[in-house]
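Note sheet for the following structure.
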Amino acid sequence: MSAVPPGYKAAYCRPVSAREWTAFGAPALSPDALRQLGKPQCVEIRDGDVIILCMKVK
């Protein structure tokens with residue numbers, strides 16, 4: 001997961017072709033809620049064929 005920017009942690013990931021997100025640990029928010037927050041609280045990164053949702057670390 002070298003694509004995760006400093007100050008963020010990976011919360012969810014999924015292959016580009018899939019619909020279901022896989023959680024890393026136990027994020028406090030659902031993937032949809034996290035995506036609605038938008039930048040700078042949540043960034044979405046595409047790393048090859050994988051989409052990674054990252055949340056800002058406090």
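Letters A, B, ... mark the chains of the structure tokens in the order given; residue numbers begin at 1 per chain; ligand numbers begin at 1, in order shown.
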Inset, instruction - Mind listing the helix (DSSP H, G or I) residues of chain A, per DSSP on the backbone, as a list in words? - result: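 Output for chain A, helix (DSSP H, G or I) only: Pro31, Asp32, Ala33, Leu34, Arg35, Gln36 and Leu37 of chain A.
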Selected residues written out, C-alpha atoms, as a PDB file, in the first residue's frame:
```
ATOM      1  CA  PRO A  31     -17.539   3.472   2.519  1.00  0.00           C
ATOM      2  CA  ASP A  32     -20.448   5.586   1.226  1.00  0.00           C
ATOM      3  CA  ALA A  33     -20.369   7.922   4.237  1.00  0.00           C
ATOM      4  CA  LEU A  34     -16.613   8.266   3.930  1.00  0.00           C
ATOM      5  CA  ARG A  35     -16.839   9.116   0.225  1.00  0.00           C
ATOM      6  CA  GLN A  36     -19.490  11.777   0.949  1.00  0.00           C
ATOM      7  CA  LEU A  37     -17.093  13.563   3.303  1.00  0.00           C
TER       8      LEU A  37
END
```
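In the backbone-derived DSSP annotation, strand (DSSP E) within chain A comprises A:Tyr8, A:Lys9, A:Ala10, A:Ala11, A:Tyr12, A:Cys13, A:Arg14, A:Pro15, A:Thr22, A:Ala23, A:Cys42, A:Val43, A:Glu44, A:Ile45, A:Arg46, A:Asp47, A:Val50, A:Ile51, A:Ile52, A:Leu53, A:Cys54, A:Met55, A:Lys56.
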Inset, instruction - May I ask for the distance between CA of Val57 in chain A and CA of Ala18 in chain A, given in Å to one decimal place? - result: 26.4 Å
Inset, instruction - Can you work out which one of A:Arg46, A:Lys58, A:Gln41, A:Ser30 has the shortest atom-to-atom distance to Val16 in chain A, counting only C-alpha atoms? - result: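 For Val16 in chain A, the nearest of the given residues is A:Arg46.
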Legend entry - Residue neighbourhood Glu44 in chain A, 7 Å, only C-alpha atoms, exclusion window fewer than 2 positions, as a ChimeraX atom specification: /A:42,46,51-54
Would you mind exporting N, CA, C and O atoms of the selected residues as a compact mmCIF listing (two decimals), in the first residue's frame?
```
# COMPACT_ATOMS: atom_id res chain seq x y z
N CYS A 42 -11.32 12.44 3.21
CA CYS A 42 -11.25 11.17 2.50
C CYS A 42 -10.65 11.37 1.12
O CYS A 42 -11.04 12.30 0.41
N ARG A 46 -6.43 5.31 -6.94
CA ARG A 46 -6.43 4.13 -7.80
C ARG A 46 -5.00 3.65 -7.92
O ARG A 46 -4.13 4.37 -8.40
N ILE A 51 -8.99 0.20 -6.08
CA ILE A 51 -9.35 1.52 -5.57
C ILE A 51 -9.21 1.47 -4.06
O ILE A 51 -9.72 0.55 -3.41
N ILE A 52 -8.51 2.44 -3.49
CA ILE A 52 -8.28 2.49 -2.05
C ILE A 52 -8.93 3.76 -1.51
O ILE A 52 -8.65 4.85 -2.00
N LEU A 53 -9.79 3.61 -0.52
CA LEU A 53 -10.36 4.76 0.19
C LEU A 53 -9.52 5.01 1.42
O LEU A 53 -9.34 4.12 2.25
N CYS A 54 -8.99 6.21 1.53
CA CYS A 54 -8.13 6.55 2.67
C CYS A 54 -8.80 7.63 3.50
O CYS A 54 -9.37 8.58 2.95
```
Inset, instruction - Determine, counting only C-alpha atoms, which protein, DNA and RNA residues have an atom within 12 Å of an atom of Lys56 in chain A; residues of the same chain fewer than 5 positions away are not included. Present the result as a PyMOL selection string. - result: chain A and resi 4-11+27+34+37-44
Inset, instruction - Please measure the separation of CA of Leu29 in chain A and CA of Ala3 in chain A, giving the value in Å to one decimal. - result: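 Straight-line distance from CA of Leu29 in chain A to CA of Ala3 in chain A works out to 21.2 Å.
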Inset, instruction - Write out as JSON, numbers by chain the residues lying within 9 Å of Pro15 in chain A, counting only C-alpha atoms and excluding same-chain residues fewer than 2 positions away. - result: {"A": [13, 17, 18, 19, 20, 21, 49, 50, 51, 52]}
